[in-house]
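> One file is attached below, final.cif, containing mmCIF, C-alpha atoms.
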```cif
data_final
#
loop_
_atom_site.label_atom_id
_atom_site.label_comp_id
_atom_site.auth_asym_id
_atom_site.auth_seq_id
_atom_site.Cartn_x
_atom_site.Cartn_y
_atom_site.Cartn_z
CA MET A 1 21.25 -13.70 28.68
CA LEU A 2 21.29 -10.93 31.27
CA LEU A 3 21.37 -7.23 30.49
CA VAL A 4 24.07 -5.24 32.19
CA LEU A 5 23.04 -1.72 33.09
CA SER A 6 25.68 0.88 33.83
CA GLU A 7 25.57 3.01 36.97
CA GLU A 8 24.37 6.02 35.01
CA GLN A 9 21.49 4.07 33.48
CA LYS A 10 20.52 2.72 36.89
CA ALA A 11 20.43 6.30 38.19
CA HIS A 12 18.26 7.34 35.21
CA LEU A 13 15.80 4.56 35.83
CA GLY A 14 15.86 5.31 39.54
CA CYS A 15 13.27 8.01 39.08
CA LEU A 16 10.64 5.45 38.03
CA PRO A 17 9.55 4.13 41.46
CA GLN A 18 8.71 7.59 42.75
CA ALA A 19 6.66 8.42 39.71
CA GLY A 20 3.90 5.93 40.26
CA ASP A 21 2.33 3.36 37.93
CA ALA A 22 0.33 5.72 35.69
CA ALA A 23 3.38 7.87 35.17
CA VAL A 24 5.46 4.84 34.27
CA GLY A 25 2.90 4.04 31.58
CA GLU A 26 3.25 7.61 30.31
CA LEU A 27 7.05 7.40 30.31
CA GLY A 28 6.84 4.08 28.48
CA ARG A 29 4.72 5.69 25.77
CA LEU A 30 7.23 8.54 25.46
CA ALA A 31 10.08 6.02 25.18
CA LEU A 32 8.28 4.31 22.29
CA GLU A 33 7.67 7.66 20.56
CA LEU A 34 11.39 8.36 20.95
CA LEU A 35 12.13 5.11 19.15
CA ARG A 36 9.56 5.65 16.44
CA ARG A 37 10.10 9.27 15.66
CA GLY A 38 13.04 10.69 17.55
CA ALA A 39 13.35 13.18 20.42
CA THR A 40 10.14 14.79 21.69
CA PRO A 41 11.21 17.63 24.00
CA ARG A 42 7.77 19.26 24.13
CA ALA A 43 6.06 16.03 25.21
CA CYS A 44 8.72 15.54 27.90
CA GLU A 45 8.09 19.07 29.21
CA ALA A 46 4.34 18.46 29.31
CA THR A 47 4.82 15.20 31.22
CA ALA A 48 7.28 16.89 33.61
CA ARG A 49 4.74 19.57 34.41
CA LYS A 50 1.98 16.97 34.92
CA LEU A 51 4.12 14.83 37.27
CA ASN A 52 5.65 17.85 39.00
CA VAL A 53 9.24 16.75 38.45
CA GLY A 54 12.15 18.33 36.56
CA VAL A 55 12.34 18.03 32.75
CA ASP A 56 15.77 16.44 33.04
CA THR A 57 14.46 13.67 35.28
CA VAL A 58 11.72 12.89 32.80
CA GLN A 59 14.13 12.95 29.87
CA HIS A 60 16.61 10.66 31.60
CA GLY A 61 13.87 8.32 32.63
CA VAL A 62 12.56 8.15 29.07
CA GLU A 63 16.05 7.57 27.64
CA GLY A 64 16.85 4.91 30.22
CA LEU A 65 13.57 3.15 29.48
CA ALA A 66 14.23 3.36 25.73
CA TYR A 67 17.67 1.83 26.21
CA LEU A 68 16.23 -0.97 28.33
CA LEU A 69 13.59 -1.76 25.71
CA THR A 70 15.92 -1.63 22.68
CA GLU A 71 18.61 -3.77 24.31
CA SER A 72 16.14 -6.41 25.43
CA SER A 73 14.38 -6.45 22.04
CA LYS A 74 17.71 -6.58 20.21
CA LEU A 75 18.91 -9.61 22.18
CA MET A 76 15.41 -11.16 22.34
CA VAL A 77 15.80 -11.77 26.08
CA SER A 78 13.33 -14.17 27.61
CA GLU A 79 10.88 -13.06 30.30
CA VAL A 80 12.90 -14.68 33.07
CA ASP A 81 16.11 -12.97 31.96
CA PHE A 82 14.35 -9.63 31.64
CA GLN A 83 12.96 -9.94 35.14
CA ASP A 84 16.34 -10.93 36.54
CA SER A 85 17.99 -7.97 34.78
CA ILE A 86 15.63 -5.40 36.25
CA HIS A 87 15.64 -7.10 39.64
CA VAL A 88 19.03 -5.43 40.11
CA LEU A 89 17.30 -2.04 40.15
CA GLY A 90 15.32 -3.02 43.24
CA PHE A 91 11.88 -1.97 42.02
CA SER A 92 8.57 -3.10 43.47
CA GLU A 93 6.83 -6.22 42.12
CA GLU A 94 4.14 -4.24 40.29
CA LEU A 95 6.69 -1.97 38.63
CA ASN A 96 8.62 -5.03 37.47
CA LYS A 97 5.47 -6.54 36.06
CA LEU A 98 4.59 -3.27 34.31
CA LEU A 99 8.02 -3.06 32.69
CA LEU A 100 7.82 -6.70 31.62
CA GLN A 101 4.42 -6.08 30.05
CA LEU A 102 5.74 -2.99 28.26
CA TYR A 103 8.62 -5.05 26.90
CA LEU A 104 6.49 -7.98 25.73
CA ASP A 105 3.84 -5.80 24.11
CA ASN A 106 6.25 -3.73 22.04
CA ARG A 107 9.03 -6.18 21.35
CA LYS A 108 7.95 -6.98 17.81
CA GLU A 109 7.53 -3.35 16.78
CA ILE A 110 10.90 -2.35 18.23
CA ARG A 111 12.56 -5.22 16.39
CA SER A 112 11.06 -4.09 13.10
CA ILE A 113 12.28 -0.51 13.71
CA LEU A 114 15.76 -1.82 14.55
CA GLY A 115 15.70 -3.97 11.42
CA GLU A 116 15.39 -0.89 9.25
CA LEU A 117 18.52 0.67 10.68
CA THR A 118 20.93 -1.63 8.83
CA PRO A 119 23.02 0.01 6.06
CA LYS A 120 21.63 -0.77 2.64
CA LEU A 121 23.14 -1.14 -0.79
CA PRO A 122 21.48 0.70 -3.68
CA SER A 123 18.37 -1.18 -4.67
CA TYR A 124 16.47 -1.44 -7.94
CA HIS A 125 13.82 1.18 -8.61
CA SER A 126 13.02 1.00 -12.33
CA LEU A 127 14.56 0.39 -15.74
CA GLU A 128 14.06 2.27 -19.01
CA TRP A 129 15.38 0.82 -22.25
CA ARG A 130 15.68 1.77 -25.89
CA LEU A 131 16.69 -0.17 -29.01
CA ASP A 132 18.55 1.85 -31.66
CA VAL A 133 20.15 0.97 -34.96
CA GLN A 134 23.13 2.98 -36.12
CA LEU A 135 22.84 3.47 -39.86
CA ALA A 136 25.84 5.67 -40.59
CA SER A 137 28.56 7.63 -38.90
CA ARG A 138 31.03 10.24 -40.06
CA SER A 139 33.67 7.58 -40.67
CA LEU A 140 31.50 4.89 -42.26
CA ARG A 141 28.27 5.09 -44.23
CA GLN A 142 25.71 2.34 -44.77
CA GLN A 143 26.12 0.26 -41.64
CA ILE A 144 23.67 -1.67 -39.50
CA LYS A 145 24.67 -1.68 -35.86
CA PRO A 146 21.97 -2.37 -33.25
CA ALA A 147 22.48 -1.09 -29.70
CA VAL A 148 20.40 -1.28 -26.54
CA THR A 149 20.55 1.75 -24.22
CA ILE A 150 19.47 1.15 -20.64
CA LYS A 151 18.83 3.69 -17.87
CA LEU A 152 18.87 1.93 -14.51
CA HIS A 153 17.19 3.89 -11.72
CA LEU A 154 18.50 3.01 -8.27
CA ASN A 155 17.28 3.91 -4.80
CA GLN A 156 19.61 4.28 -1.86
CA ASN A 157 18.21 5.63 1.41
CA GLU A 158 15.76 7.84 -0.47
CA ASP A 159 18.46 9.05 -2.88
CA GLN A 160 17.65 8.41 -6.50
CA THR A 161 20.55 7.79 -8.85
CA ALA A 162 20.50 6.73 -12.47
CA GLN A 163 23.11 4.79 -14.43
CA VAL A 164 23.14 4.82 -18.21
CA LEU A 165 24.49 1.67 -19.86
CA GLN A 166 24.77 0.69 -23.47
CA THR A 167 25.31 -2.72 -24.98
CA ASP A 168 24.75 -4.66 -28.20
CA PRO A 169 22.04 -7.32 -28.33
CA SER A 170 24.36 -10.34 -28.17
CA THR A 171 26.00 -9.11 -24.95
CA LEU A 172 22.52 -8.47 -23.55
CA LEU A 173 21.51 -12.05 -24.37
CA HIS A 174 24.66 -13.33 -22.68
CA LEU A 175 23.84 -11.16 -19.62
CA ILE A 176 20.32 -12.58 -19.49
CA GLN A 177 21.70 -16.11 -19.76
CA GLN A 178 24.11 -15.49 -16.86
CA LEU A 179 21.34 -14.03 -14.68
CA GLU A 180 19.08 -17.00 -15.44
CA GLN A 181 21.90 -19.34 -14.48
CA ALA A 182 22.23 -17.44 -11.19
CA LEU A 183 18.50 -17.88 -10.55
CA GLY A 184 18.84 -21.53 -11.48
CA GLU A 185 21.27 -22.00 -8.59
CA MET A 186 18.32 -21.76 -6.22
CA LYS A 187 17.04 -25.07 -7.56
CA THR A 188 20.19 -27.08 -6.82
CA ASN A 189 20.21 -29.53 -3.94
CA HIS A 190 22.68 -27.47 -1.96
CA CYS A 191 20.49 -24.35 -1.92
CA ARG A 192 17.33 -26.36 -1.36
CA ARG A 193 18.85 -27.98 1.74
CA ILE A 194 19.83 -24.61 3.21
CA VAL A 195 16.43 -23.05 2.48
CA ARG A 196 14.69 -26.02 4.10
CA ASN A 197 16.88 -25.72 7.21
CA MET A 198 16.23 -22.00 7.48
CA LYS A 199 12.49 -22.52 7.51
CA GLN B 1 -2.28 -18.57 -25.18
CA ARG B 2 -0.67 -15.54 -26.74
CA PHE B 3 -2.22 -12.11 -26.87
CA ARG B 4 -1.26 -9.27 -29.19
CA PHE B 5 -1.89 -6.57 -26.62
CA CYS B 6 0.62 -8.29 -24.28
CA GLY B 7 3.23 -8.23 -27.02
CA ASP B 8 2.52 -11.75 -28.30
CA LEU B 9 3.19 -13.19 -24.86
CA ASP B 10 0.97 -14.77 -22.23
CA CYS B 11 -1.34 -12.48 -20.34
CA PRO B 12 0.05 -11.80 -16.82
CA ASP B 13 -1.76 -13.70 -14.05
CA TRP B 14 -2.72 -10.59 -12.13
CA VAL B 15 -4.49 -9.13 -15.19
CA LEU B 16 -6.50 -12.34 -15.57
CA ALA B 17 -7.42 -12.20 -11.90
CA GLU B 18 -8.66 -8.62 -12.08
CA ILE B 19 -10.84 -9.09 -15.18
CA SER B 20 -13.57 -10.45 -12.92
CA THR B 21 -13.34 -7.31 -10.77
CA LEU B 22 -13.80 -5.19 -13.90
CA ALA B 23 -16.93 -7.17 -14.79
CA LYS B 24 -18.50 -6.13 -11.46
CA ILE B 25 -18.63 -2.47 -12.54
CA SER B 26 -21.32 -1.48 -15.03
CA SER B 27 -20.07 -0.90 -18.57
CA VAL B 28 -21.05 2.79 -18.65
CA LYS B 29 -19.14 3.48 -15.43
CA LEU B 30 -16.18 1.45 -16.73
CA LYS B 31 -15.96 3.72 -19.77
CA LEU B 32 -15.89 6.80 -17.52
CA ILE B 33 -13.16 5.23 -15.35
CA CYS B 34 -11.21 4.54 -18.56
CA VAL B 35 -11.39 8.25 -19.39
CA GLN B 36 -9.80 9.06 -16.03
CA VAL B 37 -7.10 6.41 -16.40
CA LEU B 38 -6.29 7.74 -19.88
CA ARG B 39 -5.89 11.22 -18.39
CA ASP B 40 -3.39 9.81 -15.92
CA LEU B 41 -1.46 8.02 -18.69
CA MET B 42 -1.34 11.28 -20.68
CA GLY B 43 0.27 13.01 -17.71
CA GLU B 44 -2.72 15.09 -16.60
CA ALA B 45 -4.10 14.78 -13.10
CA MET B 46 -6.47 11.89 -12.52
CA GLU B 47 -9.57 12.63 -10.46
CA TYR B 48 -9.44 9.85 -7.91
CA GLU B 49 -12.59 10.96 -6.07
CA LYS B 50 -14.61 10.57 -9.29
CA ILE B 51 -13.33 7.02 -9.65
CA LEU B 52 -14.23 6.28 -6.04
CA LYS B 53 -17.75 7.57 -6.64
CA LEU B 54 -18.11 5.49 -9.80
CA THR B 55 -16.94 2.31 -8.07
CA SER B 56 -19.00 2.83 -4.93
CA ASP B 57 -22.05 1.16 -6.53
CA ALA B 58 -20.11 -2.00 -7.17
CA LYS B 59 -19.05 -1.96 -3.50
CA LEU B 60 -15.37 -2.35 -4.24
CA GLU B 61 -12.81 -2.01 -1.45
CA THR B 62 -9.90 0.41 -1.81
CA GLY B 63 -7.59 -2.46 -2.77
CA ASP B 64 -9.96 -3.42 -5.58
CA VAL B 65 -10.23 0.19 -6.79
CA LYS B 66 -6.45 0.47 -7.03
CA ALA B 67 -6.30 -2.91 -8.79
CA THR B 68 -8.92 -1.73 -11.30
CA ILE B 69 -6.92 1.42 -12.08
CA ALA B 70 -3.73 -0.64 -12.42
CA VAL B 71 -5.32 -3.21 -14.75
CA LEU B 72 -6.91 -0.56 -16.98
CA GLY B 73 -3.62 1.34 -17.11
CA PHE B 74 -1.79 -1.81 -18.14
CA ILE B 75 -4.31 -2.80 -20.82
CA LEU B 76 -4.46 0.68 -22.39
CA SER B 77 -0.74 1.44 -22.33
CA SER B 78 0.22 -2.07 -23.45
CA ALA B 79 -2.25 -1.94 -26.36
CA ALA B 80 -0.86 1.45 -27.42
CA LYS B 81 2.69 0.16 -27.05
CA HIS B 82 2.10 -2.77 -29.41
CA ASN B 83 -0.09 -0.74 -31.77
CA VAL B 84 -3.15 -2.95 -31.40
CA ASP B 85 -6.30 -1.71 -33.13
CA SER B 86 -9.45 -1.46 -31.06
CA GLU B 87 -11.34 -4.42 -32.65
CA SER B 88 -8.50 -6.85 -31.94
CA LEU B 89 -8.27 -5.47 -28.40
CA SER B 90 -12.00 -5.95 -27.92
CA SER B 91 -11.94 -9.57 -29.13
CA GLU B 92 -8.87 -10.40 -27.02
CA LEU B 93 -10.45 -8.91 -23.90
CA GLN B 94 -13.59 -10.95 -24.54
CA GLN B 95 -11.41 -14.06 -24.83
CA LEU B 96 -10.10 -13.22 -21.35
CA GLY B 97 -13.63 -13.20 -20.02
CA LEU B 98 -14.60 -9.52 -20.07
CA PRO B 99 -18.28 -9.13 -21.07
CA LYS B 100 -18.96 -7.74 -24.56
CA GLU B 101 -20.38 -4.35 -23.51
CA HIS B 102 -17.49 -3.71 -21.13
CA ALA B 103 -14.92 -4.59 -23.78
CA GLY B 104 -16.77 -2.41 -26.29
CA GLY B 105 -16.84 0.61 -23.98
CA LEU B 106 -13.17 0.23 -23.08
CA CYS B 107 -12.13 -0.07 -26.71
CA ARG B 108 -14.15 2.96 -27.73
CA SER B 109 -12.30 5.09 -25.15
CA TYR B 110 -9.04 3.54 -26.35
CA GLU B 111 -9.75 4.27 -29.99
CA GLU B 112 -10.46 7.95 -29.32
CA LYS B 113 -7.16 8.46 -27.58
CA GLN B 114 -4.94 5.90 -29.28
CA SER B 115 -2.81 8.23 -31.38
CA SER B 116 -2.36 10.87 -28.67
CA LEU B 117 -1.45 8.14 -26.18
CA GLN B 118 1.13 6.77 -28.61
CA ASP B 119 2.55 10.28 -29.12
CA ARG B 120 2.81 10.73 -25.39
CA LEU B 121 4.57 7.36 -24.97
CA ARG B 122 6.94 8.28 -27.77
CA ALA B 123 7.81 11.52 -25.96
CA CYS B 124 8.40 9.63 -22.70
CA SER B 125 10.83 7.20 -24.29
CA LEU B 126 14.38 7.15 -23.05
CA ARG B 127 16.36 10.12 -24.36
CA LEU B 128 19.77 10.86 -23.01
CA SER B 129 20.39 14.43 -24.10
CA ARG B 130 18.39 16.89 -26.05
CA LEU B 131 19.82 19.88 -27.87
CA ASP B 132 17.81 22.93 -26.84
CA SER B 133 19.57 25.69 -28.66
CA VAL B 134 22.93 26.83 -30.02
CA GLY B 135 24.26 30.28 -29.33
CA TRP B 136 27.06 31.66 -31.49
CA ARG B 137 29.29 34.68 -31.77
CA VAL B 138 32.02 35.58 -34.24
CA ASP B 139 34.97 37.64 -33.02
CA TYR B 140 37.77 39.13 -35.04
CA THR B 141 41.18 39.13 -33.37
CA LEU B 142 43.11 42.23 -34.37
CA SER B 143 46.37 41.68 -32.57
CA SER B 144 47.86 39.88 -29.60
CA SER B 145 50.88 40.04 -27.34
CA GLU B 146 52.63 37.52 -29.64
CA LEU B 147 51.95 39.04 -33.02
CA GLN B 148 50.94 42.61 -33.88
CA ASP B 149 48.74 41.84 -36.92
CA VAL B 150 46.66 38.73 -36.28
CA ASN B 151 43.45 39.51 -38.25
CA GLU B 152 41.81 36.13 -37.65
CA PRO B 153 38.09 35.42 -37.13
CA LEU B 154 37.14 33.28 -34.14
CA VAL B 155 33.84 31.45 -33.64
CA HIS B 156 32.30 30.99 -30.17
CA LEU B 157 29.67 28.28 -29.89
CA ASN B 158 27.49 27.50 -26.85
CA PHE B 159 25.41 24.29 -26.96
CA HIS B 160 22.50 24.32 -24.50
CA LEU B 161 21.49 20.75 -23.58
CA ARG B 162 18.51 19.48 -21.64
CA ASP B 163 17.56 16.16 -20.02
CA GLY B 164 21.09 14.90 -19.87
CA GLU B 165 22.14 12.20 -17.46
CA HIS B 166 22.24 15.00 -14.90
CA ASP B 167 18.57 15.92 -15.36
CA GLY B 168 19.02 19.63 -15.76
CA PRO B 169 20.13 22.25 -18.28
CA VAL B 170 23.79 22.01 -19.24
CA ALA B 171 25.77 24.46 -21.33
CA ILE B 172 28.82 23.41 -23.32
CA PRO B 173 30.84 26.35 -24.62
CA MET B 174 33.60 26.00 -27.22
CA ILE B 175 35.81 28.17 -29.38
CA LEU B 176 36.83 27.32 -32.93
CA SER B 177 39.17 28.94 -35.38
CA ALA B 178 37.79 29.71 -38.83
CA ASP B 179 39.42 26.67 -40.44
CA LYS B 180 38.19 24.24 -37.81
CA PHE B 181 34.73 25.68 -38.13
CA ARG B 182 34.79 25.07 -41.87
CA VAL B 183 35.79 21.47 -41.22
CA LEU B 184 32.88 21.12 -38.79
CA LEU B 185 30.43 22.41 -41.35
CA ALA B 186 31.75 20.26 -44.18
#
```
Would you give me this structure, written as structure tokens?

Amino acid sequence: MLLVLSEEQKAHLGCLPQAGDAAVGELGRLALELLRRGATPRACEATARKLNVGVDTVQHGVEGLAYLLTESSKLMVSEVDFQDSIHVLGFSEELNKLLLQLYLDNRKEIRSILGELTPKLPSYHSLEWRLDVQLASRSLRQQIKPAVTIKLHLNQNEDQTAQVLQTDPSTLLHLIQQLEQALGEMKTNHCRRIVRNMK
Amino acid sequence: QRFRFCGDLDCPDWVLAEISTLAKISSVKLKLICVQVLRDLMGEAMEYEKILKLTSDAKLETGDVKATIAVLGFILSSAAKHNVDSESLSSELQQLGLPKEHAGGLCRSYEEKQSSLQDRLRACSLRLSRLDSVGWRVDYTLSSSELQDVNEPLVHLNFHLRDGEHDGPVAIPMILSADKFRVLLA
């Protein structure tokens, strides 16, 4: 699968050959920092001063490199395809090899960063529960009515929410039975076949 | 095999696995670590550096230190939860393989703090709302635009709640006529 680079991206990456091999290593490191932590304008300025080029050139180069790395990691392109894709840019052999090495070394890390970007549903954080017995109310004295109060703490993208639920013990038992049946589905032949094929 | 301190259920596998780690520490040091873990369970700050110093002789790695703290926290809070007395706890821990002196030291620390730990756990239990205070005011309406002589008392009530589902102070104001207020009090 070949990557298609737009004209603008080709122009951004065009600054790489003039920079030299050490500088390309530096720009590669900046591109990875961009992916890990976000924009680093001060580091770009420092690199621009060291290489004696404009800050914009450095920034575009870093962004172009970051795009190249994320797209190739996302699609899991093979080495041959990666090399063919950057061949279009007309770089020297060593530069191509450097870029390929940069890609192969960091592919796994970039994939794990990209994996965390998917939207997530609220997930379980913790559960508090309480068992009460209602003995009397204003309308009726001398009753026995057990109730279970549950506070479900959920986590969604670092937001903590809490849901308060209340039920009687027989509904809770029914709920537990339904959840155990759901877990039991994993042991059926159908699920076992799929799990085996996925491994 | 069922244990009282686990709530008459089986002991969890991870607790069984960490008992051998606990046996590596000397019993005196284990008692001091228990004191720190009890402080953490009571809500005070735990001095982690002290625990690290106490476990350094046994040459435990950081993973083992954290496991030790977790296992002690589980044993102490679970025993308090199920109201287990310290002799039963000691014999059950020995059944799990903890040496006698270690179990004895642990249970002595537990016994000292058992009632305050249970009070603390009771206070931490799930509470939805808590009534902090009630503010009141009685007004007397003399007249209004509708009727010249009204002459009616009016009660203002303000319920201050805490720890609601919204985790913050909430105020609920309400106004009652004299008759409604009498019904409320009855």
> Please expand the PyMOL selection byres ((chain A) within 9 of (chain B)) into the concrete residues it hits in this file, giving the result as a list in words.
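That expression, the PyMOL selection byres ((chain A) within 9 of (chain B)), corresponds here to Glu128, Trp129, Arg130, Thr149, Ile150, Lys151, Ala162, Gln163 and Val164 of chain A.
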> The PyMOL selection byres ((chain B and resi 51-61) around 8) - which residues does that actually catch in the file I just gave you? List them as a PDB file with C-alpha atoms, in the coordinates of the input.

```pdb
ATOM      1  CA  LYS B  24     -18.500  -6.130 -11.460  1.00  0.00           C
ATOM      2  CA  ILE B  25     -18.630  -2.470 -12.540  1.00  0.00           C
ATOM      3  CA  SER B  26     -21.320  -1.480 -15.030  1.00  0.00           C
ATOM      4  CA  LYS B  29     -19.140   3.480 -15.430  1.00  0.00           C
ATOM      5  CA  ILE B  33     -13.160   5.230 -15.350  1.00  0.00           C
ATOM      6  CA  GLN B  36      -9.800   9.060 -16.030  1.00  0.00           C
ATOM      7  CA  GLU B  47      -9.570  12.630 -10.460  1.00  0.00           C
ATOM      8  CA  TYR B  48      -9.440   9.850  -7.910  1.00  0.00           C
ATOM      9  CA  GLU B  49     -12.590  10.960  -6.070  1.00  0.00           C
ATOM     10  CA  LYS B  50     -14.610  10.570  -9.290  1.00  0.00           C
ATOM     11  CA  THR B  62      -9.900   0.410  -1.810  1.00  0.00           C
ATOM     12  CA  GLY B  63      -7.590  -2.460  -2.770  1.00  0.00           C
ATOM     13  CA  ASP B  64      -9.960  -3.420  -5.580  1.00  0.00           C
ATOM     14  CA  VAL B  65     -10.230   0.190  -6.790  1.00  0.00           C
TER      15      VAL B  65
END
```
> Since I can't run it myself right now, could you work out what the PyMOL selection byres ((chain B and resi 132-138) around 7) selects here and report it as a list in words?
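Going through the file, the PyMOL selection byres ((chain B and resi 132-138) around 7) ends up selecting Arg130, Leu131, Asp139, Tyr140, Pro153, Leu154, Val155, His156, Leu157, Asn158, Phe159, His160, Leu161 and Arg162 of chain B.
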> Report, in Å with one decimal, the straight-line distance from CA of Val24 (chain A) to CA of Glu109 (chain A).
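Value for the CA of Val24 (chain A)-CA of Glu109 (chain A) distance: 19.4 Å.
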> Can you work out which one of B:Leu16, B:Leu142, B:Leu41, B:Val170 has the shortest atom-to-atom distance to Ser78 (chain B), counting all atoms listed in the file?
B:Leu41
> Rounded to one decimal in Å, what is the spacing between CA of Glu71 (chain A) and CA of Asn197 (chain A)?
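Here the two named atoms are 27.9 Å from each other.
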> So that I can see what lies close to Ile75 (chain B), please list as JSON, numbers by chain the residues with an atom at most 10 Å from it, counting only C-alpha atoms and leaving out residues fewer than 5 positions away in the same chain.
{"B": [5, 6, 15, 70, 80, 81, 89, 93, 106, 110]}
> Just to be explicit: take each residue in the selection above, keep C-alpha atoms, and write the result as an mmCIF file, keeping the file's coordinate frame.

```cif
data_model
loop_
_atom_site.group_PDB
_atom_site.id
_atom_site.type_symbol
_atom_site.label_atom_id
_atom_site.label_comp_id
_atom_site.auth_asym_id
_atom_site.auth_seq_id
_atom_site.Cartn_x
_atom_site.Cartn_y
_atom_site.Cartn_z
ATOM 1 C CA PHE B 5 -1.890 -6.570 -26.620
ATOM 2 C CA CYS B 6 0.620 -8.290 -24.280
ATOM 3 C CA VAL B 15 -4.490 -9.130 -15.190
ATOM 4 C CA ALA B 70 -3.730 -0.640 -12.420
ATOM 5 C CA ALA B 80 -0.860 1.450 -27.420
ATOM 6 C CA LYS B 81 2.690 0.160 -27.050
ATOM 7 C CA LEU B 89 -8.270 -5.470 -28.400
ATOM 8 C CA LEU B 93 -10.450 -8.910 -23.900
ATOM 9 C CA LEU B 106 -13.170 0.230 -23.080
ATOM 10 C CA TYR B 110 -9.040 3.540 -26.350
#
```
> Please define a box with edges along x, y and z of the file around all atoms of region 11-25 of chain B given in the file, extend it by 8 Å on each side, and return its centre and edge lengths in Å to one decimal, as JSON.

```
{"center_x": -9.3, "center_y": -8.1, "center_z": -15.6, "size_x": 34.7, "size_y": 27.2, "size_z": 25.6}
```
> Smallest atom-to-atom distance to Ser92 (chain A): which of A:Gln18, A:Gln166, A:Ser123, A:Thr188, using all atoms listed in the file?
A:Gln18
> Taking all atoms listed in the file into account, which of A:Arg107, A:Ser139, A:Leu152, A:Val62 comes nearest His125 (chain A)?
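Closest residue, counting all atoms listed in the file: A:Leu152.
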